[in-house]
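J.: I have a structure I would like to understand better, so I am pasting it below and will then ask my questions one at a time.
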Amino acid sequence: MTRRNAEASVFIGLGLLLVLFSWSGWGNLRLSDPGFIFGYFWPILFVIPLGILFHVMYFVFLHRRAPGLLIPGGILLVSGVVCQISMLFDAWEYMWPGFPLAVAFGLFEFYLLGIRNKWLLIPVYILGSMSLLFFAIFSFGVFTSSGAGSGTLALLLIVAGIALMYRRKPSYEY
């Protein structure tokens with residue numbers, strides 16, 4: 001990627017953020033205030049670039065000779081995404097299962113691109129399934145709570161019932 005392309009990507013990203021803020025009703029926020037920028041975008045400014053740096057060190061500078069860099073790189077990358085989503089949408093109570101998922105992601109990256117020790121998959125499966133289970137539980141809680149989500153759950157149940165009524169019965173002919 002050339003320097004011009006990198007600068008263009010930064011400008012396009014900033015423009016998309018401004019459009020997002022203006023369309024989402026956040027247009028009255030103080031984007032020119034450094035405290036606001038650091039308060040809302042600290043994961044993109046500090047955590048995610050550090051995770052990317054670990055990956056760049058592994059792939060580019062060390063030529064895949066130090067796979068241990070993938071563990072903190074993956075953890076920081078996924079944790080940064082979780083924190084950024086939580087900061088933007090004030091969803092900390094729903095996004096916390098992303099932190100065990102970050103550890104599972106870092107270990108799985110180490111397994112895939114580093115040493116292929118099958119015993120490393122045990123904590124990956126435990127942390128990943130626990131995280132996905134908690135995401136599912138809390139997502140279900142959002143759908144069943146009073147408000148707009150309860151209508152969504154009711155609609156999903158109606159569609160599932162109709163689909164069950166009209167599905168074809170399997171034929172067991174041999």
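In the structure tokens, chains take the letters A, B, ... in the order shown, each chain's residues start at 1, and ligands count up from 1 in the order shown.
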Just the residues within 12 Å of Cys83 (chain A), please, counting only C-alpha atoms, with nothing from its chain fewer than 5 positions along; format it as a PyMOL selection string.

T.: chain A and resi 39-48+75-78+88-99+102

J.: Can you tell me, as a PyMOL selection string, what residues are no more than 10 Å from Ala66 (chain A) when counting only C-alpha atoms, ignoring any on the same chain fewer than 5 positions away?

T.: chain A and resi 57-59+61+110+114

J.: I'd like the interatomic distance between CA of Leu133 (chain A) and CA of Leu120 (chain A), to a tenth of an Å.

T.: 20.3 Å

J.: Looking only at alpha helix (DSSP H) from DSSP on the backbone, list the matching residues of region 6-172 of chain A as a PyMOL selection string.

T.: chain A and resi 6-23+34-42+48-56+70-89+92-95+98-113+121-144+148-166

J.: Tell me which of A:Ala163, A:Ile137, A:Val81, A:Leu112 sits closest to Val124 (chain A), counting only C-alpha atoms.

T.: A:Leu112
